[in-house]
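Enquirer: Let me begin by handing over the structure; questions about it come next.
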Amino acid sequence: MTGTATSGTGSSGTGSSGTSSSGTGTLFTRIIGAAALVVMAWVVVSAFFITPADTQQGDSVRIMYAHVPAAWIAYLAFITTAITSGISLARRHRTLGFDRVAGASAEVGVLFMGLALVTGSLWGRLTWGTFWQWDPRLTTTLFLFVTYVGYLAVRNIDSDPHRRARRSAVLALLAVLEIPLVHFSVVLWRSLHQEASVLNPDGDVRLDDLMLFTLFSGVVAFTLIFVWLVMHRQRLAALQDAQLGAGLDAAIAARRAETVA
Amino acid sequence: MRQALIIARKDLLIEWRARLLLVRVAPFALLVLVLFAVALDSEPLILRAAAGLVWLAMLFSALMLVQRSFDVETDDGAVDVLLTGTVEPAQVYLGKMLAAFVQLLALAITLVSGAVVLYGATVGADQLVLLVTATLCAAWGLSSVGTLYGAVVANMSGRDSLLALLALPVTAPLLIAASRATEAAFGSQTIDAASGWAWTALLVVFAITFSAAGAAAFGTLMESDT
């Protein structure tokens, strides 16, 4: 799918072995992609047509089948980023593989967290009557989202790949430190200030087996999509780095040739 | 620790000679207070929001201070010279944090006075201890986070806007805790002195956490790229 892979120019021997010159797909990613499509198709059919509407929330309960997996994947992605950043830092960034996975995972995580926030606020509008509630979980999620947007901004600034790896690894680990503090303080803040209890039907619905199974399938489908995206994105980043290196080598060679001539 | 004190002294000396705090940051902070008052346009509302507005103005001004603190280091690669010498990175971090702390404290005094004068906030004698303690802890926390994230963005292009984007979400707990503690010290009806002290405790946890993280991470962040 990602057709942006560098063709031709970056084909120095450093490219990862399983990668054909036409893209970042391999047999493994194709299998995962196909599985994701199949499971996703089932989730769509089941979520829209087979599962029943909720007695209180009506059809809006169907948002849950996208919202919950999206939030779950976002957390999975940020945990992946933290772990790979930690490993990368511990290995003193000898190879950039872990750093690239960390960056790819954070990108996908921001995407899914954005999705979770949008679907969540749509659901909130239908169920609570407001798009947003300053509830601890929502507030923490919003801060988490902004934090990783900042992380991506740092990654996107052109600089030496090793320096980028160091900076972003520290940032990813700081986020792990930050989130519990933010959550704790927001919980404390709301518990002290929320006198006027808002109409707040917890948001938990009673799920029958089919709904639970659909939700679970949604999580599986989104997880497959996550793995698929991260693998592609990570390989793309490797190609970009290789191209940068090749471009530099070519430039140096050209200058050398000039001085000889 | 001696090295940290020397670094702090150096930073404060540079600041004293340049007087950036006096001629730019403090006027900016007071201007923010004035603008808040104009935007809210209701005296009871301003009085209720006074504590939060003071700390918001502190956050914005702290960004300017931190920016400056690192521009001094990265111009001409001064920090590389420091670190290739025998100075421990953690000492450099602590020294810069200490210098930022002193400046932020001066700024906090200015802003609280501003709130008393402009917003009509009052501090009873019995709440003065709470106010001073909370301000000390919040300034400490803010200087630890500011110096840490200043190091993250040091030398990057577009670092001013980046610093705000990175550091402000992290300071959310500090903003909440410092505002509530100050609100309690301003004698608000919704929050009593006891919860003011609880918030101050959170400020201490915050400051210790980020001071330790900063001291640990500074070396990695400042490593030169060769």
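Numbering starts fresh at 1 for the residues of each chain in the structure tokens, the chains themselves are lettered A, B, ... in the order given, and ligands are numbered from 1 as they appear.
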Counting only C-alpha atoms, collect the residues of chain B whose closest atom lies at most 6 Å from chain A, and write them out as an mmCIF file with C-alpha atoms, in the first residue's frame.

Expert:
data_model
loop_
_atom_site.group_PDB
_atom_site.id
_atom_site.type_symbol
_atom_site.label_atom_id
_atom_site.label_comp_id
_atom_site.auth_asym_id
_atom_site.auth_seq_id
_atom_site.Cartn_x
_atom_site.Cartn_y
_atom_site.Cartn_z
ATOM 1 C CA LEU B 165 4.374 22.183 23.005
ATOM 2 C CA LEU B 166 6.538 19.749 24.953
ATOM 3 C CA PRO B 169 1.449 19.354 28.966
ATOM 4 C CA PRO B 173 -0.035 18.756 37.423
#

Enquirer: Write out as a ChimeraX atom specification the set of residues from region 9-133 of chain A that DSSP, computed on the backbone, places in alpha helix (DSSP H).

Expert: /A:27-45,64-90,97-127

Enquirer: Can you list, as a list in words, every protein, DNA or RNA residue that comes within 12 Å of Val227 (chain A) when you count only C-alpha atoms, leaving out same-chain residues fewer than 3 positions away?

Expert: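 Result of the neighbour search: Phe28, Thr29, Arg30, Ile31, Ile32, Gly33, Ala35, Ala36, Ile73, Leu76, Ala77, Thr80, Val101, Ala104, Ser105, Val108, Gly109, Val220, Ala221, Phe222, Thr223, Leu224, Val230, Met231, His232, Arg233 and Gln234 of chain A.
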
Enquirer: Rounded to one decimal place, report the CA of Ile7 (chain B)-CA of Ser211 (chain B) distance in Å.

Expert: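 Going from CA of Ile7 (chain B) over to CA of Ser211 (chain B) covers 16.2 Å.
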
Enquirer: Tell me which protein, DNA and RNA residues are within 9 Å of Leu130 (chain B), counting only C-alpha atoms, leaving out same-chain ones fewer than 4 positions away, and put them as an MDAnalysis selection string.

Expert: chainID B and resid 126 134:135 181:182 184:185 193 196:197 200

Enquirer: I'd like to know which of B:Leu162, B:Ala216, B:Val38, B:Ala154 is closest to Thr74 (chain B), using only C-alpha atoms.

Expert: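 Closest to Thr74 (chain B) of all the choices is B:Ala154.
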
Enquirer: Compile the contact shell of Ala167 (chain B) as a ChimeraX atom specification: residues with an atom at most 10 Å away, counting only C-alpha atoms, same-chain residues fewer than 5 positions apart removed.

Expert: /A:147,150 /B:59,63,142,145-150,152,162,172

Enquirer: The selected residues should be written to file as a PDB file, in the first residue's frame (atoms: N, CA and C atoms).

Expert:
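Okay, result-v7.pdb is ready:
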ATOM      1  N   THR A 147       0.993  15.227  24.394  1.00  0.00           N
ATOM      2  CA  THR A 147       2.378  14.848  24.681  1.00  0.00           C
ATOM      3  C   THR A 147       3.008  14.116  23.502  1.00  0.00           C
ATOM      4  N   GLY A 150       3.723  16.258  20.529  1.00  0.00           N
ATOM      5  CA  GLY A 150       5.004  16.933  20.729  1.00  0.00           C
ATOM      6  C   GLY A 150       6.172  16.014  20.426  1.00  0.00           C
TER       7      GLY A 150
ATOM      8  N   LEU B  59       3.857  30.102  33.908  1.00  0.00           N
ATOM      9  CA  LEU B  59       4.251  29.092  32.929  1.00  0.00           C
ATOM     10  C   LEU B  59       4.778  29.756  31.659  1.00  0.00           C
ATOM     11  N   LEU B  63       8.834  29.778  30.170  1.00  0.00           N
ATOM     12  CA  LEU B  63       9.302  29.340  28.861  1.00  0.00           C
ATOM     13  C   LEU B  63      10.358  30.300  28.317  1.00  0.00           C
ATOM     14  N   LEU B 142       8.835  23.912  38.559  1.00  0.00           N
ATOM     15  CA  LEU B 142       8.837  24.550  37.248  1.00  0.00           C
ATOM     16  C   LEU B 142      10.259  24.673  36.709  1.00  0.00           C
ATOM     17  N   VAL B 145      11.404  21.079  35.484  1.00  0.00           N
ATOM     18  CA  VAL B 145      10.833  20.707  34.193  1.00  0.00           C
ATOM     19  C   VAL B 145      11.366  21.589  33.079  1.00  0.00           C
ATOM     20  N   GLY B 146      11.410  22.898  33.352  1.00  0.00           N
ATOM     21  CA  GLY B 146      11.859  23.832  32.333  1.00  0.00           C
ATOM     22  C   GLY B 146      13.279  23.530  31.884  1.00  0.00           C
ATOM     23  N   THR B 147      14.169  23.287  32.827  1.00  0.00           N
ATOM     24  CA  THR B 147      15.560  23.033  32.470  1.00  0.00           C
ATOM     25  C   THR B 147      15.691  21.710  31.719  1.00  0.00           C
ATOM     26  N   LEU B 148      14.907  20.724  32.132  1.00  0.00           N
ATOM     27  CA  LEU B 148      14.948  19.429  31.444  1.00  0.00           C
ATOM     28  C   LEU B 148      14.489  19.551  29.991  1.00  0.00           C
ATOM     29  N   TYR B 149      13.342  20.190  29.770  1.00  0.00           N
ATOM     30  CA  TYR B 149      12.838  20.290  28.401  1.00  0.00           C
ATOM     31  C   TYR B 149      13.608  21.317  27.583  1.00  0.00           C
ATOM     32  N   GLY B 150      14.183  22.288  28.276  1.00  0.00           N
ATOM     33  CA  GLY B 150      15.090  23.199  27.584  1.00  0.00           C
ATOM     34  C   GLY B 150      16.252  22.425  26.981  1.00  0.00           C
ATOM     35  N   VAL B 152      16.118  19.285  26.110  1.00  0.00           N
ATOM     36  CA  VAL B 152      15.612  18.451  25.017  1.00  0.00           C
ATOM     37  C   VAL B 152      15.630  19.228  23.706  1.00  0.00           C
ATOM     38  N   LEU B 162       8.440  24.663  19.983  1.00  0.00           N
ATOM     39  CA  LEU B 162       8.545  23.262  20.388  1.00  0.00           C
ATOM     40  C   LEU B 162       8.602  23.142  21.910  1.00  0.00           C
ATOM     41  N   ALA B 172       1.099  20.350  33.542  1.00  0.00           N
ATOM     42  CA  ALA B 172      -0.312  20.351  33.954  1.00  0.00           C
ATOM     43  C   ALA B 172      -0.494  20.046  35.445  1.00  0.00           C
TER      44      ALA B 172
END

Enquirer: Pick from B:Ala115, B:Leu83, B:Val170, B:Met64: nearest to Ala37 (chain B), with only C-alpha atoms counted?

Expert: B:Ala115

Enquirer: Distance CA of Ile63 (chain A)-CA of Val43 (chain A), one decimal place?

Expert: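 CA of Ile63 (chain A) sits 11.8 Å away from CA of Val43 (chain A).
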
Enquirer: Choose the residue, out of A:Leu115, A:Leu229, A:Ala242, A:Ala165, that has the smallest atom-to-atom separation from Thr220 (chain B); count only C-alpha atoms.

Expert: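 Among the listed residues, A:Ala165 lies closest to Thr220 (chain B).
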
Enquirer: At a cut-off of 10 Å, using only C-alpha atoms, what residues contact region 123-126 of chain A? Leave out same-chain residues fewer than 5 positions from it and give the result as a ChimeraX atom specification.

Expert: /A:57-64,67,117-118,131-133,200,203

Enquirer: For the atom pair CA of Asn155 (chain B) and CA of Ser143 (chain B), what is the interatomic distance in Å to one decimal place?

Expert: 19.3 Å
